[in-house]
$ cat coords-v5.cif   # mmCIF, C-alpha atoms
data_run
loop_
_atom_site.label_atom_id
_atom_site.label_comp_id
_atom_site.auth_asym_id
_atom_site.auth_seq_id
_atom_site.Cartn_x
_atom_site.Cartn_y
_atom_site.Cartn_z
CA MET T 1 -7.80 40.66 -27.69
CA SER T 2 -6.46 37.99 -25.33
CA LEU T 3 -8.20 39.67 -22.41
CA LEU T 4 -11.50 39.78 -24.34
CA ILE T 5 -11.19 36.09 -25.24
CA LEU T 6 -10.49 35.23 -21.61
CA ILE T 7 -13.53 37.17 -20.39
CA ALA T 8 -15.72 35.65 -23.12
CA SER T 9 -14.59 32.10 -22.25
CA ILE T 10 -15.40 32.61 -18.57
CA LEU T 11 -18.82 34.09 -19.41
CA LEU T 12 -19.50 31.15 -21.75
CA LEU T 13 -18.58 28.71 -19.01
CA LEU T 14 -20.86 30.39 -16.48
CA ILE T 15 -23.78 30.51 -18.96
CA LEU T 16 -23.38 26.84 -19.88
CA ILE T 17 -23.23 25.69 -16.25
CA SER T 18 -25.59 28.10 -14.49
CA GLY T 19 -27.93 29.06 -17.33
CA VAL T 20 -28.13 26.02 -19.59
CA LYS T 21 -27.48 23.66 -16.63
CA LEU T 22 -24.93 21.73 -18.67
CA ASN T 23 -22.69 19.32 -16.77
CA ALA T 24 -19.49 21.11 -15.68
CA PHE T 25 -17.30 18.46 -17.32
CA ILE T 26 -18.84 19.07 -20.77
CA ALA T 27 -18.93 22.86 -20.26
CA LEU T 28 -15.22 23.02 -19.42
CA VAL T 29 -14.28 21.06 -22.55
CA ILE T 30 -16.45 23.35 -24.71
CA ALA T 31 -14.80 26.42 -23.14
CA ALA T 32 -11.37 24.96 -23.86
CA PHE T 33 -12.32 24.50 -27.54
CA PHE T 34 -13.66 28.07 -27.65
CA VAL T 35 -10.38 29.56 -26.37
CA GLY T 36 -8.26 27.50 -28.73
CA ILE T 37 -10.33 28.38 -31.81
CA ALA T 38 -10.55 32.07 -30.83
CA LYS T 39 -6.76 32.19 -30.41
CA GLU T 40 -6.41 30.51 -33.83
CA MET T 41 -4.58 27.46 -32.53
CA PRO T 42 -4.11 24.74 -35.17
CA PHE T 43 -6.80 22.11 -34.61
CA THR T 44 -4.26 19.34 -34.06
CA ASP T 45 -2.44 21.43 -31.45
CA LEU T 46 -5.74 22.26 -29.77
CA ILE T 47 -6.72 18.60 -29.44
CA ASN T 48 -3.24 17.73 -28.17
CA SER T 49 -3.40 20.58 -25.65
CA ILE T 50 -6.74 19.38 -24.28
CA GLN T 51 -5.49 15.81 -24.03
CA GLN T 52 -2.26 16.95 -22.41
CA GLY T 53 -4.20 19.08 -19.92
CA VAL T 54 -6.39 16.16 -18.87
CA GLY T 55 -3.43 13.80 -18.74
CA SER T 56 -1.05 16.06 -16.85
CA THR T 57 -3.71 17.02 -14.30
CA LEU T 58 -5.08 13.55 -13.67
CA GLY T 59 -1.68 11.94 -14.10
CA SER T 60 -0.55 13.54 -10.86
CA LEU T 61 -3.93 13.53 -9.14
CA ILE T 62 -6.01 10.51 -10.07
CA LEU T 63 -4.12 7.99 -7.91
CA ILE T 64 -4.01 10.46 -5.00
CA ILE T 65 -7.75 11.10 -5.35
CA ALA T 66 -8.58 7.39 -5.65
CA PHE T 67 -6.45 6.35 -2.68
CA GLY T 68 -7.68 9.39 -0.76
CA VAL T 69 -11.32 8.41 -1.28
CA VAL T 70 -10.58 4.86 -0.10
CA LEU T 71 -8.68 6.15 2.95
CA GLY T 72 -11.45 8.63 3.72
CA ASN T 73 -14.06 5.90 3.41
CA LEU T 74 -12.12 3.62 5.76
CA LEU T 75 -11.77 6.43 8.30
CA SER T 76 -15.48 7.22 8.08
CA ASP T 77 -16.84 3.67 7.79
CA SER T 78 -14.82 2.43 10.78
CA GLY T 79 -15.79 5.32 13.06
CA ALA T 80 -12.21 6.66 13.14
CA ALA T 81 -13.22 10.04 11.69
CA GLN T 82 -15.99 10.31 14.28
CA ARG T 83 -13.49 9.43 17.05
CA ILE T 84 -11.04 12.11 15.88
CA SER T 85 -13.82 14.67 15.56
CA SER T 86 -15.18 13.89 19.03
CA VAL T 87 -11.75 14.41 20.61
CA MET T 88 -11.31 17.67 18.68
CA ILE T 89 -14.71 18.85 19.87
CA ARG T 90 -13.91 18.04 23.50
CA SER T 91 -10.52 19.74 23.25
CA PHE T 92 -11.62 22.96 21.53
CA GLY T 93 -15.34 23.07 22.25
CA VAL T 94 -18.02 23.67 19.63
CA ARG T 95 -17.56 27.40 19.95
CA HIS T 96 -13.89 27.23 18.87
CA ILE T 97 -14.11 24.29 16.48
CA LYS T 98 -12.88 26.49 13.61
CA TRP T 99 -9.55 26.79 15.40
CA ALA T 100 -9.28 23.01 15.45
CA MET T 101 -9.83 22.85 11.68
CA VAL T 102 -7.36 25.69 11.01
CA ILE T 103 -4.63 24.20 13.21
CA THR T 104 -5.15 20.73 11.72
CA GLY T 105 -5.08 22.09 8.17
CA PHE T 106 -1.95 24.14 8.81
CA SER T 107 -0.12 21.25 10.47
CA VAL T 108 -0.97 18.85 7.65
CA GLY T 109 -0.37 21.45 4.93
CA ILE T 110 3.22 22.23 5.92
CA SER T 111 4.43 18.86 4.64
CA MET T 112 1.74 17.93 2.10
CA PHE T 113 0.59 19.16 -1.29
CA TYR T 114 -2.75 20.97 -1.17
CA ASN T 115 -4.69 18.28 -3.07
CA ALA T 116 -3.44 15.40 -0.92
CA GLY T 117 -4.08 17.32 2.31
CA PHE T 118 -7.57 18.29 1.19
CA ILE T 119 -8.51 14.71 0.35
CA ILE T 120 -7.17 13.37 3.66
CA LEU T 121 -8.94 15.99 5.80
CA ILE T 122 -12.29 16.18 4.02
CA PRO T 123 -13.85 13.15 5.81
CA MET T 124 -12.91 14.73 9.15
CA VAL T 125 -14.62 17.97 8.11
CA PHE T 126 -17.80 16.02 7.38
CA ALA T 127 -17.57 14.11 10.67
CA VAL T 128 -16.98 17.25 12.75
CA ALA T 129 -19.82 19.07 10.98
CA LYS T 130 -22.19 16.22 11.71
CA SER T 131 -21.17 15.97 15.38
CA THR T 132 -21.29 19.70 16.08
CA LYS T 133 -24.27 20.54 13.80
CA GLN T 134 -22.08 23.26 12.27
CA PRO T 135 -22.35 24.06 8.53
CA ILE T 136 -19.95 21.97 6.43
CA ILE T 137 -18.80 24.96 4.36
CA TYR T 138 -18.13 26.94 7.56
CA LEU T 139 -15.63 24.29 8.68
CA GLY T 140 -14.41 23.42 5.19
CA ILE T 141 -13.24 26.96 4.46
CA ALA T 142 -11.32 27.03 7.76
CA MET T 143 -9.49 23.84 6.75
CA ALA T 144 -8.96 24.80 3.10
CA SER T 145 -7.60 28.26 3.93
CA ALA T 146 -4.82 26.73 6.03
CA LEU T 147 -3.86 24.26 3.29
CA SER T 148 -3.88 27.00 0.65
CA ILE T 149 -1.68 29.35 2.70
CA THR T 150 1.00 26.72 3.30
CA HIS T 151 0.89 25.85 -0.42
CA GLY T 152 1.39 29.45 -1.54
CA PHE T 153 3.76 30.90 1.07
CA LEU T 154 5.88 28.25 2.73
CA PRO T 155 8.85 26.26 1.45
CA PRO T 156 9.33 23.34 0.85
CA HIS T 157 6.18 23.56 -1.30
CA PRO T 158 7.13 23.62 -5.01
CA GLY T 159 5.84 27.12 -5.87
CA PRO T 160 7.62 29.21 -3.20
CA THR T 161 10.70 26.99 -3.32
CA ALA T 162 11.09 27.36 -7.11
CA ILE T 163 10.54 31.14 -6.92
CA ALA T 164 13.12 31.35 -4.12
CA VAL T 165 15.64 29.65 -6.41
CA ILE T 166 14.92 32.16 -9.20
CA PHE T 167 15.54 35.12 -6.85
CA LYS T 168 18.39 33.36 -4.98
CA ALA T 169 16.44 33.89 -1.77
CA ASN T 170 17.41 32.20 1.49
CA ILE T 171 15.00 29.29 2.06
CA GLY T 172 15.18 29.57 5.85
CA LYS T 173 14.42 33.30 5.83
CA THR T 174 11.63 32.75 3.29
CA LEU T 175 10.05 30.19 5.63
CA LEU T 176 10.39 32.51 8.66
CA TYR T 177 8.97 35.54 6.86
CA GLY T 178 6.35 33.29 5.30
CA LEU T 179 5.10 32.25 8.73
CA LEU T 180 4.85 35.90 9.80
CA VAL T 181 2.82 36.72 6.68
CA ALA T 182 0.76 33.51 6.87
CA LEU T 183 -0.64 33.89 10.39
CA PRO T 184 -2.64 37.13 9.86
CA ALA T 185 -3.86 35.84 6.50
CA LEU T 186 -4.93 32.59 8.15
CA PHE T 187 -6.83 34.45 10.86
CA ALA T 188 -8.68 36.58 8.30
CA ALA T 189 -9.51 33.78 5.84
CA GLY T 190 -9.92 30.84 8.20
CA ILE T 191 -11.39 32.36 11.36
CA VAL T 192 -13.15 35.63 10.46
CA PHE T 193 -14.41 34.94 6.93
CA PRO T 194 -16.32 31.69 7.71
CA GLU T 195 -18.65 33.67 9.97
CA PHE T 196 -20.09 35.36 6.86
CA ILE T 197 -20.90 32.17 4.91
CA LYS T 198 -22.69 30.07 7.54
CA LYS T 199 -25.97 30.10 5.63
CA ILE T 200 -24.53 28.48 2.48
CA ASN T 201 -25.68 24.87 2.32
CA ALA T 202 -23.50 22.00 1.08
CA PHE T 203 -24.75 18.80 -0.56
CA PRO T 204 -21.80 16.37 -0.78
CA PRO T 205 -22.13 13.42 -3.23
CA LYS T 206 -24.17 10.62 -1.67
CA GLY T 207 -22.14 7.58 -0.72
CA LEU T 208 -18.80 9.39 -0.69
CA PHE T 209 -18.31 8.99 3.06
CA GLU T 210 -20.19 6.99 5.70
CA SER T 211 -22.92 8.92 7.54
CA LYS T 212 -23.61 6.36 10.30
CA THR T 213 -23.35 7.50 13.92
CA PHE T 214 -21.21 5.09 15.95
CA THR T 215 -21.44 4.18 19.62
CA GLU T 216 -18.43 4.55 21.89
CA ALA T 217 -17.75 0.80 21.78
CA GLU T 218 -17.90 0.65 17.99
CA MET T 219 -15.22 3.30 17.39
CA PRO T 220 -11.46 2.56 17.36
CA SER T 221 -9.20 4.31 19.85
CA PHE T 222 -8.10 7.87 19.22
CA GLY T 223 -4.46 6.76 18.99
CA ILE T 224 -4.97 4.31 16.13
CA SER T 225 -7.47 6.64 14.44
CA ILE T 226 -5.17 9.66 14.33
CA LEU T 227 -2.13 7.50 13.50
CA THR T 228 -3.93 6.01 10.48
CA ALA T 229 -5.10 9.42 9.29
CA LEU T 230 -1.61 10.92 9.60
CA VAL T 231 0.42 8.11 8.00
CA PRO T 232 0.77 10.03 4.71
CA VAL T 233 1.61 13.22 6.61
CA PHE T 234 4.45 11.48 8.46
CA LEU T 235 5.79 9.88 5.28
CA MET T 236 5.69 13.13 3.27
CA GLY T 237 7.20 15.03 6.19
CA MET T 238 10.16 12.61 6.39
CA ALA T 239 10.68 12.98 2.64
CA THR T 240 10.77 16.76 3.02
CA LEU T 241 13.26 16.60 5.89
CA SER T 242 15.47 14.20 3.93
CA GLU T 243 15.72 16.74 1.08
CA LEU T 244 16.91 19.38 3.55
CA ALA T 245 19.21 17.22 5.68
CA LEU T 246 20.64 14.43 3.50
CA PRO T 247 22.98 14.62 0.48
CA GLU T 248 21.57 13.82 -2.95
CA GLU T 249 23.59 10.62 -3.27
CA SER T 250 22.24 9.22 0.02
CA THR T 251 20.39 5.89 -0.33
CA LEU T 252 18.25 6.71 2.70
CA ARG T 253 17.18 9.96 1.04
CA SER T 254 16.14 8.09 -2.11
CA VAL T 255 14.09 5.62 -0.08
CA LEU T 256 12.41 8.35 1.97
CA LEU T 257 11.62 10.37 -1.16
CA PHE T 258 10.06 7.27 -2.72
CA ILE T 259 7.82 6.37 0.21
CA GLY T 260 7.11 10.07 0.83
CA ASN T 261 5.86 10.65 -2.71
CA PRO T 262 2.14 11.59 -2.42
CA THR T 263 1.03 8.57 -4.46
CA THR T 264 3.22 6.06 -2.60
CA SER T 265 2.41 7.47 0.82
CA MET T 266 -1.33 7.39 0.11
CA LEU T 267 -1.10 3.75 -1.01
CA ILE T 268 0.83 2.84 2.14
CA ALA T 269 -1.76 4.68 4.22
CA VAL T 270 -4.60 2.77 2.55
CA LEU T 271 -2.90 -0.60 3.17
CA PHE T 272 -2.23 0.38 6.79
CA ALA T 273 -5.86 1.46 7.24
CA VAL T 274 -7.20 -1.78 5.72
CA PHE T 275 -5.54 -3.67 8.55
CA SER T 276 -5.64 -1.16 11.44
CA LEU T 277 -9.29 -0.14 10.91
CA GLY T 278 -10.54 -3.25 9.13
CA ILE T 279 -8.95 -6.69 9.42
CA PHE T 280 -7.63 -6.23 12.98
CA ARG T 281 -11.10 -5.11 14.09
CA GLY T 282 -12.85 -8.19 12.71
CA ARG T 283 -14.03 -6.92 9.32
CA LYS T 284 -13.78 -9.12 6.23
CA MET T 285 -11.67 -8.00 3.29
CA GLN T 286 -14.58 -8.43 0.87
CA ASP T 287 -16.75 -6.08 2.93
CA ILE T 288 -13.97 -3.48 3.11
CA MET T 289 -13.40 -3.60 -0.64
CA ASP T 290 -17.13 -3.44 -1.45
CA LYS T 291 -17.57 -0.30 0.65
CA SER T 292 -14.42 1.27 -0.81
CA GLY T 293 -15.57 0.49 -4.36
CA SER T 294 -18.90 2.23 -3.77
CA ALA T 295 -17.10 5.31 -2.45
CA MET T 296 -14.80 5.42 -5.48
CA SER T 297 -17.75 5.29 -7.88
CA SER T 298 -19.14 8.38 -6.14
CA ALA T 299 -15.90 10.22 -6.95
CA THR T 300 -16.00 9.49 -10.71
CA MET T 301 -17.63 12.79 -11.71
CA ILE T 302 -15.27 14.71 -9.42
CA ILE T 303 -12.31 13.18 -11.27
CA LEU T 304 -13.78 13.97 -14.70
CA ILE T 305 -14.48 17.60 -13.81
CA ILE T 306 -10.97 18.09 -12.39
CA GLY T 307 -9.54 16.62 -15.59
CA ALA T 308 -11.65 18.95 -17.75
CA GLY T 309 -10.51 21.89 -15.63
CA GLY T 310 -6.95 20.85 -16.39
CA ALA T 311 -7.75 20.83 -20.11
CA PHE T 312 -9.15 24.37 -19.95
CA LYS T 313 -6.08 25.58 -18.06
CA GLN T 314 -3.67 23.92 -20.53
CA VAL T 315 -5.33 25.52 -23.57
CA LEU T 316 -5.03 28.93 -21.90
CA ILE T 317 -1.32 28.29 -21.39
CA ASP T 318 -0.57 26.78 -24.82
CA SER T 319 -2.50 29.47 -26.69
CA GLY T 320 -0.12 32.13 -25.32
CA MET T 321 -2.72 33.85 -23.14
CA GLY T 322 -0.35 34.31 -20.19
CA THR T 323 2.47 35.65 -22.33
CA ASP T 324 0.20 38.19 -24.01
CA LEU T 325 -1.04 39.56 -20.69
CA SER T 326 2.32 39.62 -18.93
CA GLN T 327 4.08 41.63 -21.68
CA PHE T 328 1.90 44.62 -20.88
CA PHE T 329 3.57 45.01 -17.46
CA GLU T 330 7.19 44.54 -18.38
CA LYS T 331 7.99 48.29 -18.45
CA SER T 332 5.90 49.29 -15.43
CA SER T 333 7.34 51.68 -12.80
CA LEU T 334 5.52 50.09 -9.85
CA SER T 335 7.43 48.78 -6.81
CA PRO T 336 8.78 45.29 -7.60
CA LEU T 337 6.86 43.88 -4.61
CA VAL T 338 3.54 45.26 -5.86
CA LEU T 339 4.34 44.58 -9.51
CA GLY T 340 5.25 40.95 -8.84
CA TRP T 341 2.02 40.46 -6.90
CA LEU T 342 -0.04 42.15 -9.63
CA ILE T 343 1.49 40.16 -12.49
CA ALA T 344 1.06 36.89 -10.57
CA THR T 345 -2.56 37.82 -9.86
CA ILE T 346 -3.35 38.53 -13.52
CA ILE T 347 -1.67 35.36 -14.74
CA ARG T 348 -3.45 33.38 -12.00
CA ILE T 349 -6.79 34.80 -13.19
CA ALA T 350 -5.88 34.03 -16.79
CA LEU T 351 -4.39 30.56 -16.43
CA GLY T 352 -5.65 29.11 -13.15
CA SER T 353 -2.40 27.49 -12.01
CA ALA T 354 -0.82 29.08 -8.93
CA THR T 355 2.56 27.51 -9.70
CA VAL T 356 2.58 28.70 -13.34
CA ALA T 357 1.46 32.18 -12.26
CA GLY T 358 4.20 32.41 -9.65
CA LEU T 359 7.01 31.17 -11.88
CA THR T 360 5.94 33.35 -14.83
CA ALA T 361 5.72 36.46 -12.67
CA ALA T 362 9.10 35.68 -11.12
CA GLY T 363 10.70 35.45 -14.56
CA ILE T 364 9.26 38.83 -15.58
CA VAL T 365 10.32 40.80 -12.48
CA GLN T 366 13.62 39.02 -11.80
CA PRO T 367 15.71 41.73 -13.55
CA LEU T 368 13.91 44.41 -11.50
CA VAL T 369 14.77 42.62 -8.26
CA VAL T 370 18.46 42.63 -9.12
CA ALA T 371 18.39 46.30 -10.15
CA SER T 372 16.29 47.62 -7.26
CA GLY T 373 17.86 45.62 -4.44
CA VAL T 374 14.45 44.65 -3.03
CA ASN T 375 14.50 41.89 -0.40
CA PRO T 376 14.40 38.60 -2.37
CA GLU T 377 12.61 36.66 0.39
CA LEU T 378 9.79 39.21 0.45
CA MET T 379 9.68 39.08 -3.34
CA VAL T 380 9.01 35.33 -3.11
CA LEU T 381 6.13 35.95 -0.70
CA SER T 382 4.55 38.80 -2.68
CA ILE T 383 4.44 36.66 -5.81
CA GLY T 384 3.19 33.71 -3.77
CA ALA T 385 0.35 35.88 -2.48
CA GLY T 386 -0.54 37.01 -5.99
CA SER T 387 -0.51 33.42 -7.26
CA LEU T 388 -3.35 32.56 -4.86
CA MET T 389 -5.63 35.44 -5.86
CA CYS T 390 -9.09 35.14 -7.39
CA SER T 391 -9.19 31.40 -8.03
CA HIS T 392 -12.11 30.69 -10.36
CA VAL T 393 -13.38 28.34 -13.06
CA ASN T 394 -10.00 27.70 -14.71
CA ASP T 395 -8.46 26.38 -11.46
CA THR T 396 -8.77 22.67 -10.66
CA GLY T 397 -8.85 23.56 -6.94
CA PHE T 398 -12.06 25.52 -7.57
CA TRP T 399 -13.77 22.45 -9.03
CA MET T 400 -12.42 20.09 -6.39
CA PHE T 401 -13.85 22.30 -3.64
CA LYS T 402 -17.17 22.71 -5.49
CA GLU T 403 -17.70 19.02 -6.20
CA TYR T 404 -16.62 17.61 -2.83
CA PHE T 405 -18.95 19.99 -1.00
CA GLY T 406 -21.69 19.77 -3.61
CA ILE T 407 -22.32 23.51 -3.94
CA SER T 408 -23.24 25.67 -6.94
CA VAL T 409 -20.76 27.65 -9.05
CA SER T 410 -22.18 30.84 -7.56
CA ASP T 411 -21.64 29.61 -4.00
CA THR T 412 -18.13 28.43 -4.88
CA PHE T 413 -17.32 32.00 -5.95
CA LYS T 414 -18.79 33.30 -2.68
CA THR T 415 -16.73 30.87 -0.57
CA TRP T 416 -13.61 29.47 -2.24
CA THR T 417 -12.84 32.42 -4.54
CA VAL T 418 -13.36 35.03 -1.82
CA MET T 419 -11.24 32.98 0.61
CA GLU T 420 -8.35 32.80 -1.86
CA THR T 421 -8.63 36.53 -2.56
CA ILE T 422 -8.55 37.36 1.15
CA ILE T 423 -5.37 35.28 1.48
CA GLY T 424 -3.78 37.05 -1.50
CA VAL T 425 -4.61 40.56 -0.29
CA MET T 426 -3.58 39.86 3.31
CA GLY T 427 -0.38 38.31 2.01
CA LEU T 428 0.54 41.45 0.08
CA LEU T 429 -0.27 43.69 3.05
CA GLY T 430 1.87 41.50 5.30
CA VAL T 431 4.78 41.65 2.86
CA LEU T 432 4.60 45.44 2.56
CA LEU T 433 4.50 45.80 6.34
CA LEU T 434 7.48 43.47 6.77
CA ASN T 435 9.35 45.45 4.12
CA LEU T 436 9.02 48.55 6.32
CA CYS T 437 10.23 46.68 9.40
CA ILE T 438 13.30 44.87 8.06
CA LYS T 439 14.84 47.70 6.04
#

$ encode --input "coords-v5.cif" --output "structure tokens"
Amino acid sequence: MSLLILIASILLLLILISGVKLNAFIALVIAAFFVGIAKEMPFTDLINSIQQGVGSTLGSLILIIAFGVVLGNLLSDSGAAQRISSVMIRSFGVRHIKWAMVITGFSVGISMFYNAGFIILIPMVFAVAKSTKQPIIYLGIAMASALSITHGFLPPHPGPTAIAVIFKANIGKTLLYGLLVALPALFAAGIVFPEFIKKINAFPPKGLFESKTFTEAEMPSFGISILTALVPVFLMGMATLSELALPEESTLRSVLLFIGNPTTSMLIAVLFAVFSLGIFRGRKMQDIMDKSGSAMSSATMIILIIGAGGAFKQVLIDSGMGTDLSQFFEKSSLSPLVLGWLIATIIRIALGSATVAGLTAAGIVQPLVVASGVNPELMVLSIGAGSLMCSHVNDTGFWMFKEYFGISVSDTFKTWTVMETIIGVMGLLGVLLLNLCIK
């Protein structure tokens, strides 16, 4: 019954958005109500679940999104994004520009959460697409695939790190094996796959980022441009290193973790950009704030849709959907590596959250790992691969990608969902191959 309710809720969502042409924000809230009522949740609990879903999703994202839009606008409006893109184009050439986006995404993604990395890099994707006349989606998928892979496979990201703790896996080995699994997946999803989606057109929200073409004299130097763009990357990277190298009682560690928090680091980056790309280059504060305010208003609907996606996901979790589906596999005789991947995949499809899918699957197969003696580091990676599979309408990442690029639900399935699935399948294949080699 849970599976039928899940399928019906997804079909309802697609009909409301694609057939009725209802706004995605309203459609997601209706779908959340449908699931809760169908699962016979008490009405008070259902309302609380929806509110908690919106609050928990936007509570961690809204400041990052807001500061990210302001930072992106400053990078674009000052010509810094164009400067960075022009250097990337000269270095890699138009023919290999995908490699530039993949390498940039991977470098940024190692130390940053997916959402923060996506928001920081999106103005550069737009600038590079404009300069090279390449399709935005073509370059966006290359960037997003790298961010997604680091989020799903590589410690110190929360998902793989938490799963490693459950299995008592070595973090260093998990990172090393994760890199070996990540590279083929990155090549398939970020380099090969974009060639098949070049004809899909994107229509980003008007006013989100500056579209002016700057002269050489109008643009800031590459050094200050890239430094400003990477301020949050440096701060988050130092926070990550402090967790690995400094004791918990260290004052320096506390300070670095504070300034390296995604919200704090984005605020610091915005303040740095206001001066480095604005005040120090002769712009007035009022002009900077007016342009930033206009950009933030363009992101309002994006924020609402992401919040509604969080509500839908939370109702799926609170209604017991994931528990119902996972119980079916508890007595399976499949290999723990395949079983962990499969359970994570199903929970990911059901609930939308990669982290929830990974942790739930890890809890289910943990006794099998102890009994079978399977490599715990590979177990972390197989579940991480499954947790990225088949992202669709109950995943906030799906809606973020859709709204920033301004594409239809159908085209988001053809691009984002297929990309995530390629990563998940390649991840499992890489894990199984490694399992043969390290035995």

$ closest_atom_pairs --input "coords-v5.cif" --of "range 162-271 of chain T" --to "range 75-98 of chain T" --cutoff "12 Å" --atoms "all atoms listed in the file" --output "Markdown table"
| residue | atom | partner | partner_atom | distance |
| --- | --- | --- | --- | --- |
| T:Leu186 | CA | T:Lys98 | CA | 11.4 |
| T:Phe187 | CA | T:Lys98 | CA | 10.4 |
| T:Ala189 | CA | T:Lys98 | CA | 11.2 |
| T:Gly190 | CA | T:Lys98 | CA | 7.5 |
| T:Ile191 | CA | T:Lys98 | CA | 6.5 |
| T:Val192 | CA | T:Lys98 | CA | 9.7 |
| T:Phe193 | CA | T:Lys98 | CA | 10.9 |
| T:Pro194 | CA | T:Lys98 | CA | 8.6 |
| T:Glu195 | CA | T:Lys98 | CA | 9.9 |
| T:Gly207 | CA | T:Asp77 | CA | 10.8 |
| T:Leu208 | CA | T:Ser76 | CA | 9.6 |
| T:Phe209 | CA | T:Ser76 | CA | 6.0 |
| T:Glu210 | CA | T:Asp77 | CA | 5.2 |
| T:Ser211 | CA | T:Ser76 | CA | 7.7 |
| T:Lys212 | CA | T:Asp77 | CA | 7.7 |
| T:Thr213 | CA | T:Gln82 | CA | 7.9 |
| T:Phe214 | CA | T:Gly79 | CA | 6.1 |
| T:Thr215 | CA | T:Gly79 | CA | 8.7 |
| T:Glu216 | CA | T:Arg83 | CA | 8.5 |
| T:Ala217 | CA | T:Gly79 | CA | 10.0 |
| T:Glu218 | CA | T:Gly79 | CA | 7.1 |
| T:Met219 | CA | T:Gly79 | CA | 4.8 |
| T:Pro220 | CA | T:Ala80 | CA | 5.9 |
| T:Ser221 | CA | T:Arg83 | CA | 7.2 |
| T:Phe222 | CA | T:Arg83 | CA | 6.0 |
| T:Gly223 | CA | T:Ile84 | CA | 9.0 |
| T:Ile224 | CA | T:Ala80 | CA | 8.2 |
| T:Ser225 | CA | T:Ala80 | CA | 4.9 |
| T:Ile226 | CA | T:Ile84 | CA | 6.5 |
| T:Leu227 | CA | T:Ala80 | CA | 10.1 |
| T:Thr228 | CA | T:Leu75 | CA | 8.1 |
| T:Ala229 | CA | T:Leu75 | CA | 7.4 |
| T:Leu230 | CA | T:Leu75 | CA | 11.2 |
| T:Ala269 | CA | T:Leu75 | CA | 11.0 |
| T:Val270 | CA | T:Leu75 | CA | 9.9 |

$ resolve_selection --input "coords-v5.cif" --expression "the PyMOL selection byres ((chain T and resi 435) around 10)" --output "short mmCIF file (atom, residue, chain, number, x, y, z; two decimals) with C-alpha atoms, in the coordinates of the input"
data_model
loop_
_atom_site.label_atom_id
_atom_site.label_comp_id
_atom_site.auth_asym_id
_atom_site.auth_seq_id
_atom_site.Cartn_x
_atom_site.Cartn_y
_atom_site.Cartn_z
CA LEU T 337 6.86 43.88 -4.61
CA VAL T 374 14.45 44.65 -3.03
CA ASN T 375 14.50 41.89 -0.40
CA LEU T 378 9.79 39.21 0.45
CA MET T 379 9.68 39.08 -3.34
CA LEU T 429 -0.27 43.69 3.05
CA GLY T 430 1.87 41.50 5.30
CA VAL T 431 4.78 41.65 2.86
CA LEU T 432 4.60 45.44 2.56
CA LEU T 433 4.50 45.80 6.34
CA LEU T 434 7.48 43.47 6.77
CA LEU T 436 9.02 48.55 6.32
CA CYS T 437 10.23 46.68 9.40
CA ILE T 438 13.30 44.87 8.06
CA LYS T 439 14.84 47.70 6.04
#

$ closest_residue --input "coords-v5.cif" --among "T:Val418, T:Ala354, T:Ile163, T:Met236" --to "Ser387 in chain T" --atoms "all atoms listed in the file"
T:Ala354

$ resolve_selection --input "coords-v5.cif" --expression "the PyMOL selection byres ((chain T and resi 25-32) around 7)" --output "list in words"
Ser9, Leu12, Leu13, Leu16, Ile17, Leu22, Asn23, Ala24, Phe33, Phe34, Val35, Gly36, Leu304, Ile305, Ala308, Gly309, Ala311, Phe312 and Val315 of chain T

$ residues_around --input "coords-v5.cif" --residues "Leu241 in chain T" --least-positions-apart "4" --cutoff "12 Å" --atoms "only C-alpha atoms" --output "PyMOL selection string"
chain T and resi 110-111+155-156+234-237+245-247+252-253+256-257+260

$ atom_distance --input "coords-v5.cif" --atom1 "CA of Gly117 in chain T" --atom2 "CA of Gln51 in chain T"
26.4 Å

$ atom_distance --input "coords-v5.cif" --atom1 "CA of Arg283 in chain T" --atom2 "CA of Pro232 in chain T"
23.0 Å

$ residues_around --input "coords-v5.cif" --residues "Ile171 in chain T" --least-positions-apart "4" --cutoff "8 Å" --atoms "only C-alpha atoms" --output "list in words"
Pro155, Thr161, Ala164, Leu175 and Glu377 of chain T

$ build_atoms --input "coords-v5.cif" --residues "range 90-94 of chain T" --atoms "N, CA, C and O atoms" --output "mmCIF file, keeping the file's coordinate frame"
data_model
loop_
_atom_site.group_PDB
_atom_site.id
_atom_site.type_symbol
_atom_site.label_atom_id
_atom_site.label_comp_id
_atom_site.auth_asym_id
_atom_site.auth_seq_id
_atom_site.Cartn_x
_atom_site.Cartn_y
_atom_site.Cartn_z
ATOM 1 N N ARG T 90 -14.133 17.948 22.048
ATOM 2 C CA ARG T 90 -13.910 18.040 23.500
ATOM 3 C C ARG T 90 -12.745 18.972 23.817
ATOM 4 O O ARG T 90 -12.767 19.700 24.804
ATOM 5 N N SER T 91 -11.720 18.951 22.981
ATOM 6 C CA SER T 91 -10.520 19.740 23.250
ATOM 7 C C SER T 91 -10.743 21.231 23.005
ATOM 8 O O SER T 91 -10.288 22.077 23.780
ATOM 9 N N PHE T 92 -11.442 21.556 21.912
ATOM 10 C CA PHE T 92 -11.620 22.960 21.530
ATOM 11 C C PHE T 92 -13.003 23.498 21.894
ATOM 12 O O PHE T 92 -13.166 24.712 22.015
ATOM 13 N N GLY T 93 -13.977 22.617 22.032
ATOM 14 C CA GLY T 93 -15.340 23.070 22.250
ATOM 15 C C GLY T 93 -15.991 23.460 20.930
ATOM 16 O O GLY T 93 -15.297 23.867 19.990
ATOM 17 N N VAL T 94 -17.305 23.343 20.865
ATOM 18 C CA VAL T 94 -18.020 23.670 19.630
ATOM 19 C C VAL T 94 -17.790 25.123 19.235
ATOM 20 O O VAL T 94 -17.648 25.455 18.056
#
